[in-house]
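Student: Structure file model-v4.txt, compact mmCIF, C-alpha atoms, is pasted below:
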```
# COMPACT_ATOMS: atom_id res chain seq x y z
CA MET A 1 116.75 93.97 83.97
CA ILE A 2 113.10 93.66 84.91
CA LYS A 3 111.88 90.09 84.85
CA THR A 4 108.44 88.92 83.88
CA PRO A 5 106.75 85.95 85.62
CA ASP A 6 107.93 83.44 83.00
CA LEU A 7 111.49 83.97 84.28
CA LEU A 8 110.63 82.98 87.86
CA GLU A 9 110.79 79.48 89.35
CA LEU A 10 107.06 78.98 89.81
CA ALA A 11 106.37 75.26 90.18
CA GLY A 12 105.40 74.82 93.82
CA ALA A 13 106.15 78.46 94.58
CA ARG A 14 103.99 80.77 96.68
CA VAL A 15 103.78 84.21 95.08
CA LEU A 16 102.99 87.42 96.91
CA MET A 17 101.33 89.45 94.14
CA ARG A 18 100.64 93.16 94.54
CA VAL A 19 97.58 94.05 92.49
CA ASP A 20 95.59 97.26 92.06
CA PHE A 21 92.04 96.34 93.07
CA ASN A 22 91.22 99.94 93.95
CA VAL A 23 87.87 99.75 92.15
CA PRO A 24 84.79 101.94 92.57
CA LEU A 25 82.10 100.54 94.88
CA ASP A 26 78.38 101.17 95.06
CA SER A 27 77.84 103.54 97.99
CA LYS A 28 75.00 101.44 99.45
CA THR A 29 75.82 97.80 98.66
CA PHE A 30 79.64 98.19 98.50
CA GLN A 31 79.63 95.98 95.42
CA PRO A 32 82.19 96.89 92.72
CA THR A 33 80.69 98.89 89.85
CA ASP A 34 83.66 98.65 87.47
CA LEU A 35 85.89 95.56 87.28
CA THR A 36 88.39 96.96 84.76
CA ARG A 37 91.34 96.93 87.16
CA MET A 38 90.53 93.45 88.42
CA ARG A 39 90.29 92.10 84.88
CA ALA A 40 93.62 93.75 84.05
CA ALA A 41 95.35 91.52 86.64
CA LEU A 42 93.95 88.27 85.22
CA PRO A 43 96.66 87.49 82.62
CA THR A 44 99.39 87.53 85.27
CA LEU A 45 97.29 85.78 87.89
CA GLU A 46 96.21 83.00 85.57
CA TYR A 47 99.77 82.52 84.31
CA LEU A 48 101.05 82.08 87.86
CA LEU A 49 98.32 79.58 88.76
CA ASN A 50 98.73 77.58 85.56
CA ALA A 51 102.50 77.41 86.16
CA GLY A 52 101.92 75.58 89.43
CA ALA A 53 102.17 78.43 91.93
CA SER A 54 99.80 79.49 94.68
CA VAL A 55 99.10 83.21 94.95
CA VAL A 56 98.62 85.59 97.88
CA LEU A 57 96.97 88.78 96.63
CA CYS A 58 97.72 92.12 98.28
CA SER A 59 95.96 95.39 97.41
CA HIS A 60 94.66 98.65 98.75
CA LEU A 61 91.14 100.01 98.34
CA GLY A 62 90.20 103.64 98.84
CA ARG A 63 91.71 105.89 101.47
CA PRO A 64 90.87 104.56 104.92
CA LYS A 65 91.68 106.94 107.76
CA GLY A 66 94.16 105.28 110.09
CA GLY A 67 92.60 101.85 110.45
CA PRO A 68 89.98 99.34 109.25
CA GLU A 69 86.74 100.65 107.73
CA ASP A 70 84.13 98.18 106.55
CA ARG A 71 83.34 100.07 103.36
CA TYR A 72 86.96 99.68 102.27
CA SER A 73 87.25 95.98 103.06
CA LEU A 74 88.42 93.78 100.21
CA LYS A 75 85.85 91.18 101.30
CA HIS A 76 83.39 93.11 99.11
CA LEU A 77 85.43 92.12 96.05
CA LEU A 78 85.49 88.40 96.82
CA PRO A 79 82.41 87.28 94.79
CA SER A 80 83.55 89.24 91.73
CA LEU A 81 87.09 87.88 92.00
CA GLU A 82 85.83 84.30 92.28
CA ASN A 83 83.64 84.82 89.20
CA LEU A 84 86.54 86.25 87.21
CA LEU A 85 88.85 83.38 88.17
CA SER A 86 86.19 80.64 88.08
CA ARG A 87 87.58 79.27 91.36
CA LYS A 88 87.20 79.75 95.09
CA VAL A 89 89.34 82.40 96.73
CA ARG A 90 90.17 82.32 100.44
CA PHE A 91 90.01 85.60 102.36
CA VAL A 92 91.58 86.69 105.66
CA ASN A 93 90.51 89.90 107.36
CA ASP A 94 94.01 91.21 108.02
CA CYS A 95 97.53 91.01 106.54
CA ILE A 96 100.05 90.00 109.21
CA SER A 97 98.27 87.98 111.92
CA ASP A 98 99.05 84.38 112.77
CA GLU A 99 95.80 83.44 111.03
CA ALA A 100 96.94 85.20 107.84
CA PHE A 101 100.33 83.47 107.86
CA GLU A 102 98.74 80.08 108.55
CA ALA A 103 96.35 80.63 105.65
CA SER A 104 99.12 81.44 103.19
CA ALA A 105 101.34 78.60 104.43
CA ASP A 106 98.45 76.19 103.88
CA LEU A 107 97.93 77.12 100.21
CA GLN A 108 98.13 74.36 97.62
CA ALA A 109 99.31 74.84 94.03
CA GLY A 110 96.66 76.66 92.01
CA SER A 111 94.93 78.23 95.01
CA VAL A 112 94.45 81.90 95.86
CA LEU A 113 94.36 83.88 99.10
CA LEU A 114 93.19 87.49 99.28
CA LEU A 115 94.59 89.57 102.13
CA GLU A 116 92.65 92.44 103.69
CA ASN A 117 93.20 96.04 102.58
CA VAL A 118 96.87 96.78 103.15
CA ARG A 119 96.12 100.45 103.83
CA PHE A 120 94.34 99.48 107.04
CA TYR A 121 97.92 99.62 108.39
CA PRO A 122 99.56 103.08 108.65
CA GLU A 123 102.89 101.32 108.12
CA GLU A 124 101.92 100.64 104.49
CA GLU A 125 102.00 104.23 103.28
CA ALA A 126 105.04 104.93 105.47
CA GLY A 127 106.99 102.24 103.58
CA ASP A 128 107.79 100.65 106.93
CA VAL A 129 110.56 98.03 106.68
CA GLU A 130 109.36 95.83 109.54
CA PHE A 131 105.83 95.73 108.15
CA ALA A 132 107.19 94.92 104.67
CA GLN A 133 109.30 92.10 106.09
CA LYS A 134 106.19 90.61 107.69
CA LEU A 135 104.30 90.84 104.39
CA SER A 136 107.19 89.05 102.66
CA ARG A 137 106.51 85.96 104.80
CA HIS A 138 103.50 85.30 102.57
CA GLY A 139 105.61 84.19 99.62
CA ASN A 140 108.95 83.12 98.22
CA CYS A 141 108.43 85.14 95.02
CA TYR A 142 107.12 88.68 94.58
CA VAL A 143 105.24 89.95 91.54
CA ASN A 144 104.11 93.57 91.27
CA ASP A 145 101.29 94.09 88.77
CA ALA A 146 99.92 97.28 90.37
CA PHE A 147 101.06 99.93 87.91
CA GLY A 148 98.50 102.37 89.32
CA THR A 149 100.47 102.55 92.58
CA ALA A 150 103.98 102.15 91.17
CA HIS A 151 104.70 105.82 91.91
CA ARG A 152 104.13 105.22 95.64
CA GLU A 153 107.06 104.18 97.82
CA HIS A 154 104.82 102.08 100.07
CA ALA A 155 105.61 98.89 101.93
CA SER A 156 103.73 96.56 99.56
CA THR A 157 104.71 98.35 96.34
CA ALA A 158 108.40 98.96 96.94
CA THR A 159 109.94 98.09 100.32
CA VAL A 160 108.81 94.46 100.33
CA ALA A 161 110.75 93.60 97.16
CA ARG A 162 114.09 93.77 98.99
CA PHE A 163 113.22 90.57 100.92
CA PHE A 164 112.91 88.37 97.82
CA GLY A 165 116.39 88.55 96.33
CA ASP A 166 116.19 87.98 92.58
CA GLN A 167 112.78 86.30 92.78
CA VAL A 168 110.93 89.47 91.86
CA ALA A 169 109.10 90.30 88.65
CA ALA A 170 106.81 92.78 86.99
CA GLY A 171 103.41 91.35 86.13
CA TYR A 172 102.23 91.45 82.52
CA LEU A 173 100.06 94.53 83.10
CA MET A 174 102.99 96.41 84.65
CA LYS A 175 105.24 95.38 81.74
CA ALA A 176 102.65 96.45 79.16
CA GLU A 177 102.23 99.86 80.81
CA LEU A 178 105.99 100.45 80.81
CA ASP A 179 106.33 99.28 77.21
CA GLN A 180 103.52 101.53 75.93
CA ALA A 181 104.91 104.57 77.72
CA ALA A 182 108.36 103.86 76.28
CA ARG A 183 106.83 103.67 72.82
CA VAL A 184 105.70 107.30 72.95
CA LEU A 185 108.70 108.61 74.89
CA GLU A 186 111.65 106.91 73.22
CA ASN A 187 110.97 106.39 69.53
CA PRO A 188 107.59 107.79 68.46
CA ARG A 189 106.51 107.71 64.85
CA ARG A 190 105.98 111.19 63.39
CA PRO A 191 104.07 113.36 63.56
CA PHE A 192 103.69 112.97 67.33
CA THR A 193 100.68 114.83 68.74
CA ALA A 194 100.15 115.19 72.49
CA ILE A 195 96.81 116.36 73.87
CA MET A 196 97.05 117.82 77.35
CA GLY A 197 93.87 118.62 79.25
CA GLY A 198 92.59 118.94 82.76
CA ALA A 199 92.13 121.82 85.15
CA LYS A 200 95.52 123.29 85.98
CA VAL A 201 98.78 124.09 84.21
CA SER A 202 100.56 123.42 87.51
CA ASP A 203 99.31 119.80 87.51
CA LYS A 204 100.81 119.16 84.06
CA LEU A 205 103.81 121.50 84.11
CA LEU A 206 106.50 118.83 84.44
CA LEU A 207 104.74 116.68 81.85
CA ILE A 208 104.55 119.51 79.33
CA GLU A 209 108.19 120.43 79.89
CA ASN A 210 109.34 116.82 79.45
CA LEU A 211 107.23 116.25 76.35
CA MET A 212 107.96 119.54 74.62
CA PRO A 213 111.27 118.43 73.03
CA LYS A 214 109.72 115.13 71.92
CA VAL A 215 106.45 116.16 70.26
CA ASP A 216 105.60 117.86 66.99
CA ARG A 217 102.30 119.29 68.26
CA LEU A 218 100.96 120.00 71.72
CA LEU A 219 97.23 120.61 71.97
CA VAL A 220 96.21 122.33 75.22
CA VAL A 221 92.56 121.81 76.18
CA GLY A 222 90.38 121.87 79.29
CA GLY A 223 90.55 124.36 82.12
CA MET A 224 94.31 124.82 81.79
CA ALA A 225 93.84 126.43 78.36
CA TYR A 226 92.41 129.60 79.94
CA THR A 227 95.66 130.30 81.77
CA PHE A 228 97.38 130.30 78.37
CA CYS A 229 94.63 132.47 76.89
CA LYS A 230 95.04 135.07 79.62
CA ALA A 231 98.83 134.89 79.33
CA MET A 232 98.37 135.82 75.66
CA GLY A 233 96.39 138.91 76.64
CA GLY A 234 92.85 137.56 76.50
CA GLU A 235 89.90 138.16 78.79
CA VAL A 236 88.68 134.84 80.18
CA GLY A 237 85.83 135.97 82.45
CA SER A 238 85.28 133.61 85.38
CA SER A 239 87.01 130.68 83.65
CA LEU A 240 89.48 128.64 85.64
CA CYS A 241 92.76 130.53 85.48
CA GLU A 242 95.96 130.28 87.52
CA GLU A 243 97.05 133.87 87.89
CA ASP A 244 100.36 132.78 89.42
CA ARG A 245 101.15 130.67 86.34
CA LEU A 246 100.74 133.32 83.63
CA GLU A 247 104.49 133.82 83.31
CA THR A 248 104.96 130.03 83.22
CA ALA A 249 102.46 129.83 80.36
CA ARG A 250 104.27 132.61 78.46
CA ASN A 251 107.58 130.78 78.94
CA LEU A 252 106.07 127.57 77.58
CA LEU A 253 104.71 129.41 74.53
CA ALA A 254 108.18 130.83 73.90
CA LYS A 255 109.84 127.45 74.43
CA ALA A 256 107.49 125.82 71.93
CA LYS A 257 108.37 128.49 69.36
CA ASP A 258 112.10 127.95 69.93
CA LEU A 259 111.72 124.18 69.51
CA GLY A 260 109.50 124.45 66.44
CA VAL A 261 106.61 122.75 68.27
CA GLU A 262 103.06 123.70 67.35
CA LEU A 263 101.43 124.63 70.66
CA VAL A 264 97.72 124.88 69.88
CA ILE A 265 95.37 126.81 72.19
CA PRO A 266 91.57 126.61 71.64
CA GLU A 267 90.07 129.56 69.76
CA ASP A 268 86.60 129.48 71.24
CA SER A 269 84.56 127.88 74.03
CA VAL A 270 81.11 126.91 75.10
CA ILE A 271 80.68 129.25 78.04
CA ALA A 272 78.22 129.17 80.92
CA ASP A 273 76.95 131.63 83.51
CA ALA A 274 77.27 129.01 86.28
CA PHE A 275 79.04 125.72 86.93
CA GLY A 276 76.21 123.29 86.22
CA ASN A 277 74.68 121.27 83.43
CA ASP A 278 71.58 123.49 83.32
CA ALA A 279 73.43 126.81 83.20
CA HIS A 280 72.77 129.25 80.35
CA ARG A 281 75.18 128.62 77.47
CA GLN A 282 76.64 130.49 74.53
CA ILE A 283 79.71 130.47 72.29
CA ALA A 284 82.52 132.97 72.83
CA MET A 285 86.01 133.55 71.50
CA ASN A 286 88.52 132.71 74.21
CA HIS A 287 90.11 136.15 74.26
CA GLU A 288 86.81 137.86 75.00
CA ILE A 289 84.79 135.78 77.47
CA PRO A 290 82.40 138.15 79.30
CA ALA A 291 82.70 138.80 83.01
CA GLY A 292 80.68 136.32 85.04
CA TRP A 293 80.87 133.63 82.35
CA MET A 294 83.21 130.64 82.31
CA GLY A 295 84.48 128.29 79.62
CA LEU A 296 83.36 124.70 80.23
CA ASP A 297 83.92 123.06 76.84
CA LEU A 298 85.61 123.53 73.48
CA GLY A 299 83.73 125.69 71.00
CA PRO A 300 83.01 124.63 67.38
CA LYS A 301 86.09 126.36 65.89
CA ALA A 302 88.35 124.82 68.53
CA ILE A 303 86.90 121.35 67.92
CA GLN A 304 87.50 121.70 64.19
CA THR A 305 91.11 122.77 64.77
CA MET A 306 91.89 120.06 67.33
CA VAL A 307 90.36 117.27 65.24
CA ALA A 308 92.38 118.39 62.19
CA GLN A 309 95.58 118.32 64.26
CA ILE A 310 94.84 114.77 65.42
CA GLN A 311 93.77 113.31 62.07
CA ASP A 312 97.20 112.87 60.47
CA ALA A 313 99.14 112.00 63.65
CA ALA A 314 101.19 108.80 63.69
CA THR A 315 101.62 108.82 67.48
CA ILE A 316 99.06 110.26 69.91
CA LEU A 317 99.26 110.76 73.66
CA TRP A 318 96.08 111.97 75.35
CA ASN A 319 96.05 112.96 79.01
CA GLY A 320 93.17 115.03 80.37
CA PRO A 321 89.65 115.94 79.18
CA ALA A 322 88.72 118.91 77.01
CA GLY A 323 85.92 120.17 79.23
CA VAL A 324 83.52 119.27 82.00
CA PHE A 325 82.43 116.12 80.19
CA GLU A 326 80.62 114.84 83.28
CA PHE A 327 77.91 117.37 82.28
CA SER A 328 76.14 116.21 79.10
CA ASN A 329 75.82 119.80 77.84
CA PHE A 330 79.60 120.23 77.99
CA GLU A 331 80.82 116.87 76.70
CA THR A 332 81.07 117.63 72.97
CA GLY A 333 84.72 118.66 72.97
CA THR A 334 85.93 115.60 74.89
CA ARG A 335 83.71 113.32 72.78
CA SER A 336 85.07 114.86 69.57
CA ILE A 337 88.67 114.33 70.69
CA ALA A 338 87.93 110.73 71.74
CA GLU A 339 86.38 110.00 68.34
CA ALA A 340 89.23 111.73 66.47
CA VAL A 341 91.83 109.71 68.37
CA ALA A 342 89.90 106.51 67.59
CA GLU A 343 89.65 107.42 63.89
CA ALA A 344 93.36 108.20 63.68
CA THR A 345 94.08 104.84 65.34
CA ASP A 346 91.81 103.13 62.80
CA ARG A 347 94.06 104.61 60.12
CA GLY A 348 97.21 103.21 61.73
CA ALA A 349 98.29 105.68 64.41
CA PHE A 350 99.50 104.47 67.80
CA SER A 351 97.44 106.04 70.60
CA LEU A 352 98.12 105.97 74.32
CA VAL A 353 95.32 107.29 76.52
CA GLY A 354 96.30 108.32 80.04
CA GLY A 355 94.49 107.00 83.06
CA GLY A 356 91.95 108.83 85.20
CA ASP A 357 89.52 111.12 83.40
CA SER A 358 90.88 110.34 79.92
CA ALA A 359 90.34 106.62 80.45
CA ALA A 360 86.85 107.35 81.78
CA ALA A 361 86.12 109.43 78.68
CA VAL A 362 87.06 106.76 76.13
CA HIS A 363 84.88 104.27 78.00
CA ARG A 364 82.00 106.71 78.28
CA PHE A 365 82.07 107.42 74.55
CA GLY A 366 82.55 103.78 73.60
CA VAL A 367 85.89 104.01 71.80
CA GLN A 368 88.07 102.11 74.31
CA ASP A 369 88.51 99.23 71.84
CA ARG A 370 89.53 101.59 69.03
CA VAL A 371 92.57 103.13 70.72
CA SER A 372 95.90 101.34 71.01
CA TYR A 373 96.23 101.36 74.79
CA VAL A 374 94.28 102.75 77.74
CA SER A 375 96.47 103.08 80.82
CA THR A 376 95.22 101.85 84.20
CA GLY A 377 97.42 104.35 86.02
CA GLY A 378 96.63 108.04 86.42
CA GLY A 379 99.32 109.45 88.70
CA ALA A 380 101.79 106.67 87.89
CA LEU A 381 101.59 107.27 84.14
CA LEU A 382 101.83 111.02 84.68
CA GLU A 383 105.05 110.66 86.71
CA LEU A 384 106.50 108.20 84.19
CA LEU A 385 105.81 110.60 81.32
CA GLU A 386 107.31 113.43 83.37
CA GLY A 387 110.58 111.50 83.40
CA SER A 388 110.40 110.38 87.02
CA THR A 389 111.68 107.02 88.27
CA LEU A 390 108.83 105.03 89.80
CA PRO A 391 109.76 103.40 93.13
CA GLY A 392 107.58 100.34 92.41
CA VAL A 393 109.44 99.78 89.14
CA GLN A 394 112.94 100.62 90.36
CA VAL A 395 112.89 97.84 92.98
CA LEU A 396 112.12 95.26 90.28
CA ASP A 397 115.22 96.19 88.31
CA ARG A 398 117.82 93.53 89.06
CA PRO A 399 121.30 93.16 87.52
```
What would you get if you wrote out this structure as structure tokens?
Tutor:
Amino acid sequence: MIKTPDLLELAGARVLMRVDFNVPLDSKTFQPTDLTRMRAALPTLEYLLNAGASVVLCSHLGRPKGGPEDRYSLKHLLPSLENLLSRKVRFVNDCISDEAFEASADLQAGSVLLLENVRFYPEEEAGDVEFAQKLSRHGNCYVNDAFGTAHREHASTATVARFFGDQVAAGYLMKAELDQAARVLENPRRPFTAIMGGAKVSDKLLLIENLMPKVDRLLVVGGMAYTFCKAMGGEVGSSLCEEDRLETARNLLAKAKDLGVELVIPEDSVIADAFGNDAHRQIAMNHEIPAGWMGLDLGPKAIQTMVAQIQDAATILWNGPAGVFEFSNFETGTRSIAEAVAEATDRGAFSLVGGGDSAAAVHRFGVQDRVSYVSTGGGALLELLEGSTLPGVQVLDRP
């Protein structure tokens, strides 16, 4: 059973809370440019503080190389965190020094301490037991609300939980992420339409295989579609194509047919003679893209087909963009899918949008409030949907 914070003994407690404050920073000022992940932690954090606990926050930021780097210091997040919480937050520039332990021991009910970037220690990503035991000295309860790193067996996301007995819990963000994923995996309303995009079949192979028996329709978009097109005998020019996955694609097409799943491949594309927003563009059928040209977005026929397949869905899972939507001249397909998912949700469908590029797309096109749930986890959600057990979740499961 995975507890939530309301099942912990919080009055007077000191909680070590793992959060995911891995937010984008301005390259010059190092100020955060998107506070979505920080805001997502607020419900749990405010609940803990209002229940009479003090909180020691632990997070990573970026990918520092083997030690402290100023640009990845969590001190840059301090003003934003204090604004979000409307209270002062104490900061220490490490995680396991005497100064850090003295700071956490000195906390009063309702106060917050932010530790330095936990990835400044190589022991973090190694899942080191001794390092995790030291981290555990910061609290007598442990709450993990960092769904975005739940697929990592790191010291602060998994190993540390063993030192808290039954005083461990999933934060409200973590619980919501697990509940929404379960909603599409375990008992989806029909028809269930999954939209799989992104660059490579190999990146989504396990996901497609796990979803295939569960969905009614599988829409394949983005760069990975061209591997399917070539596997079906088409000429895809210079489009992204995994030659070593052609047989895999053919097997998936056959499996879909056996299961009675509609596997929909785009009919046409907006193609370009170079990878760039200003490249020459034209429309081509996906089985006859000229040499030297590459597909970078859905074509008009494909958009029409995909939107029609989304319109009457009762459950929608979207993971991966439909084209190079970072380029304004190749964003139409991804925008059209985002709007179709929002419109289906307006009509009563349940929609789960995967993290990463899909989450960025719904925000870019302004429909984030018109879908049911936007995940904060890219890799974590992917592994959960693939059927994997997440180490950061498994350690919270207590009899």
Student: Using all atoms listed in the file for the distances, tell me which of A:Thr36, A:Asn50, A:Ser136, A:Asn117 is nearest to Thr376 of chain A.
Tutor: A:Thr36
Student: Output as a tab-separated table one row per residue of segment 235-263 of chain A within 12 Å of segment 296-318 of chain A: the closest atom pair and its distance in Å to one decimal place, counting only C-alpha atoms, sorted by chain and residue number ascending.
Tutor:
```
residue	atom	partner	partner_atom	distance
A:Val236	CA	A:Leu296	CA	11.5
A:Gly237	CA	A:Leu296	CA	11.7
A:Ser238	CA	A:Leu296	CA	10.5
A:Ser239	CA	A:Leu296	CA	7.8
A:Leu240	CA	A:Leu296	CA	9.1
A:Glu262	CA	A:Gln309	CA	9.7
A:Leu263	CA	A:Gln309	CA	10.7
```
Student: For the selection you just gave me, I'd like the residues written to a file as a PDB file, in the frame of the given file, keeping C-alpha atoms.
Tutor:
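After the write, selection-v4.pdb holds the following:
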```pdb
ATOM      1  CA  VAL A 236      88.680 134.840  80.180  1.00  0.00           C
ATOM      2  CA  GLY A 237      85.830 135.970  82.450  1.00  0.00           C
ATOM      3  CA  SER A 238      85.280 133.610  85.380  1.00  0.00           C
ATOM      4  CA  SER A 239      87.010 130.680  83.650  1.00  0.00           C
ATOM      5  CA  LEU A 240      89.480 128.640  85.640  1.00  0.00           C
ATOM      6  CA  GLU A 262     103.060 123.700  67.350  1.00  0.00           C
ATOM      7  CA  LEU A 263     101.430 124.630  70.660  1.00  0.00           C
TER       8      LEU A 263
END
```
Student: What separation in Å, quoted to one decimal, exists between atom CA of Glu209 of chain A and atom CA of Ala361 of chain A?
Tutor: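 Computing the Euclidean distance for atom CA of Glu209 of chain A and atom CA of Ala361 of chain A yields 24.7 Å.
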Student: Give the answer as one residue: which of A:Arg63, A:Arg39, A:Lys134, A:His151 has the shortest atom-to-atom distance to Leu84 of chain A, using only C-alpha atoms?
Tutor: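 The answer is A:Arg39, which sits nearest to Leu84 of chain A.
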Student: List as a PyMOL selection string the protein and nucleic acid residues near Lys75 of chain A, meaning an atom at most 9 Å away when only C-alpha atoms are counted, but skip any in the same chain fewer than 3 places from it.
Tutor: chain A and resi 70+72+78-79+91-93+114-117
Student: Generate the output file for the selected residues, C-alpha atoms, as a short mmCIF file (atom, residue, chain, number, x, y, z; two decimals), keeping the file's coordinate frame.
Tutor:
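Contents of result_29.cif, freshly written:
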```
data_model
loop_
_atom_site.label_atom_id
_atom_site.label_comp_id
_atom_site.auth_asym_id
_atom_site.auth_seq_id
_atom_site.Cartn_x
_atom_site.Cartn_y
_atom_site.Cartn_z
CA ASP A 70 84.13 98.18 106.55
CA TYR A 72 86.96 99.68 102.27
CA LEU A 78 85.49 88.40 96.82
CA PRO A 79 82.41 87.28 94.79
CA PHE A 91 90.01 85.60 102.36
CA VAL A 92 91.58 86.69 105.66
CA ASN A 93 90.51 89.90 107.36
CA LEU A 114 93.19 87.49 99.28
CA LEU A 115 94.59 89.57 102.13
CA GLU A 116 92.65 92.44 103.69
CA ASN A 117 93.20 96.04 102.58
#
```
Student: Contacts of Ala146 of chain A at 8 Å or less, counting only C-alpha atoms, minus same-chain residues fewer than 2 places along, as a list in words?
Tutor: Arg18, Val19, Asp20, Asn144, Gly148, Thr149, Ala150, Thr157, Leu173 and Met174 of chain A
Student: Report, in Å with one decimal, the straight-line distance from atom CA of Leu381 of chain A to atom CA of Thr193 of chain A.
Tutor: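 Distance between the two atoms: 17.2 Å.
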Student: Please determine an axis-aligned box that encloses all atoms of segment 184-197 of chain A listed in the file, with 8 Å added on each side, and express its centre and edge lengths in Å to one decimal as AutoDock Vina command-line options.
Tutor:
```
--center_x 102.8 --center_y 112.5 --center_z 71.3 --size_x 33.8 --size_y 28.2 --size_z 31.9
```
Student: Mind pulling up the distance from atom CA of Ala249 of chain A to atom CA of Trp293 of chain A?
Tutor: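 According to the coordinates, atom CA of Trp293 of chain A and atom CA of Ala249 of chain A are separated by 22.0 Å.
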Student: I'd like the contact shell of His363 of chain A - 10 Å cut-off, only C-alpha atoms, skipping same-chain residues fewer than 5 positions apart - returned as a VMD selection string.
Tutor: chain A and resid 338 357 to 358 368 to 369 374
Student: Atoms to include: C-alpha atoms. Write the selected residues as a PDB file, in the coordinates of the input.
Tutor:
```
ATOM      1  CA  ALA A 338      87.930 110.730  71.740  1.00  0.00           C
ATOM      2  CA  ASP A 357      89.520 111.120  83.400  1.00  0.00           C
ATOM      3  CA  SER A 358      90.880 110.340  79.920  1.00  0.00           C
ATOM      4  CA  GLN A 368      88.070 102.110  74.310  1.00  0.00           C
ATOM      5  CA  ASP A 369      88.510  99.230  71.840  1.00  0.00           C
ATOM      6  CA  VAL A 374      94.280 102.750  77.740  1.00  0.00           C
TER       7      VAL A 374
END
```
Student: Can you work out which one of A:Ile283, A:Ala182, A:Val353, A:Val362 has the shortest atom-to-atom distance to Gly387 of chain A, counting all atoms listed in the file?
Tutor: A:Ala182
Student: Between A:Asn83, A:Cys95, A:Ala181, A:Val341, which is the closest to Ala380 of chain A once you count only C-alpha atoms?
Tutor: A:Ala181
Student: Counting all atoms listed in the file, which of A:Gly320, A:Gly62, A:Gly127, A:Pro32 gets nearest to Asp203 of chain A?
Tutor: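 Among the listed residues, the smallest separation from Asp203 of chain A belongs to A:Gly320.
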Student: Considering all atoms listed in the file, can you say which of A:Arg245, A:Lys28, A:His138, A:Arg37 comes closest to Val15 of chain A?
Tutor: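 Under the stated criterion, the closest residue is A:His138.
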Student: Excluding segment 219-232 of chain A and any residue of its chain fewer than 3 positions from it, enumerate the residues within 6 Å of it, using all atoms listed in the file, and give them as JSON, numbers by chain.
Tutor: {"A": [195, 196, 197, 198, 199, 200, 201, 240, 241, 242, 246, 249, 250, 263, 264, 265, 321, 322, 323]}
Student: Mind checking which residues fall within 6 Å of Ala284 of chain A, counting only C-alpha atoms, ignoring those fewer than 3 positions away in the same chain, and posting them as a count of residues only?
Tutor: 3
